[in-house]
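Structure record follows, encoded as structure tokens.
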2 protein chains.
Amino acid sequence: MKQSTGSHKTRTSIWAGIALSTLTLSTVAHAAGDEALVIPADSNQIAYPAGWQNWSVIASSHRTDNNTLRVILGNDIAIKAARQGHTLPWPDGAVLGKVVWKATALPSWPAAVAPGELVHTEFMFKDSKRFQDSYGWGFGRWLGMAQTPFNEGNQSCIACHTPVKDNDWVFTEPARFPSTGVSH
Amino acid sequence: MKQSTGSHKTRTSIWAGIALSTLTLSTVAHAAGDEALVIPADSNQIAYPAGWQNWSVIASSHRTDNNTLRVILGNDIAIKAARQGHTLPWPDGAVLGKVVWKATALPSWPAAVAPGELVHTEFMFKDSKRFQDSYGWGFGRWLGMAQTPFNEGNQSCIACHTPVKDNDWVFTEPARFPSTGVSH
């Protein structure tokens with residue numbers, strides 16, 4: 001390990017600068033090497049669901065009212081529930097993720113609407129104890145490629161989800177996936 | 001192991017019947033238990049990419065010309081290439097999957113176009129040696145929830161992909177995913 005040559009004061013200033021520039025991000029060592037993982041700060045007091053980019057698909061949608069394209073992902077518990085049709089209610093531990101892009105025309109096939117700029121990612125976390133005051137669901141949202149946390153609270157999310165309160169507060173209907181070649 | 005009580009002739013007839021009823025399917029023991037995995041037969045002499053339902057997302061699309069909704073998935077090699085932007089060309093071993101559903105309106109939000117009936121799944125397998133006669137790609141397609149193999153040959157697929165020959169024969173542009181919380 002190299003010895004620092006800076007004075008304590010200089011190093012303190014450097015750290016203060018880094019702290020300011022990462023107000024909404026925290027960095028943890030990557031287990032497999034020297035890379036650093038950047039983990040966005042909490043949204044609505046809920047931790048960022050690191051690794052969601054590798055989750056499997058529950059459904060997709062094209063919202064023609066705001067011209068966005070979405071894929072709906074799930075963690076392992078959510079995927080198992082979706083594939084088995086056990087989603088009324090969704091089980092504790094299930095996390096649903098919605099990745100939202102502006103819709104754009106695919107250059108090579110303009111009749112195909114494809115993902116453009118990333119708008120935000122949204123997640124619903126099922127925990128009937130922790131979120132008993134919001135029908136068992138916690139809601140988080142992170143904005144843009146920087147995944148800046150949204151912090152206007154669960155209630156702003158619940159208000160929009162009220163039309164689907166009888167569907168366990170979830171808009172998504174899991175897409176039909178063949179069961180060929182998988183065990184669930 | 002139980003002793004069979006049937007004659008050889010009876011057992012032969014039973015096996016012939018089973019063989020007929022599974023012409024397009026093969027069944028292998030599930031490693032983790034007593035369930036059987038149903039693996040569809042080859043398409044264009046390419047093996048079914050078992051487990052694709054758990055793959056991660058590369059992109060999605062809504063084809064307005066034939067009103068279908070699609071998600072584009074990738075195996076680990078393809079996902080790594082997509083996230084790192086190394087897709088011209090895609091690396092050997094990459095498999096791209098396209099899951100195609102008829103588009104339908106989401107009942108709870110009719111302005112949202114959502115997946116309805118499954119049409120088919122389509123896969124592109126990159127292997128510059130095996131598929132050197134078709135620009136490095138093998139093409140497979142399996143139809144409907146039964147995943148019945150399509151066997152009209154690579155050339156019928158390549159014909160439609162000709163407009164994107166300069167994009168390594170791939171229509172899909174990988175969607176923008178934030179790198180927060182993941183190592184690739």
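Ordering of the structure tokens sets the chain letters (A, B, ...), residue numbers begin anew at 1 in every chain, and ligands are numbered from 1 in the order given.
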Interface list for chain A, partner chain B, 6 Å threshold, only C-alpha atoms, as a ChimeraX atom specification: /A:37-39,50-51,54-56,61-65,111-115,145,175,178,180-182
Atom CA of Ala41 of chain A to atom CA of Ala81 of chain A, distance in Å rounded to a single decimal: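 One can read the atom CA of Ala41 of chain A to atom CA of Ala81 of chain A distance as 28.2 Å.
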Residues near Gly93 of chain A, cut-off 10 Å, only C-alpha atoms, skip fewer than 3 positions along chain, as a VMD selection string: chain A and resid 75 to 78 90 96 125 to 128
Point-to-point distance in Å for atom CA of Asp166 of chain A and atom CA of Ala82 of chain A: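 Atom CA of Asp166 of chain A lies at a distance of 16.8 Å from atom CA of Ala82 of chain A.
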Strand (DSSP E or B) per DSSP on the backbone: members of chain A, as a PyMOL selection string: chain A and resi 25-29+36-40+43+46+56-63+68-74+95-106+109-126+137-143+148-149
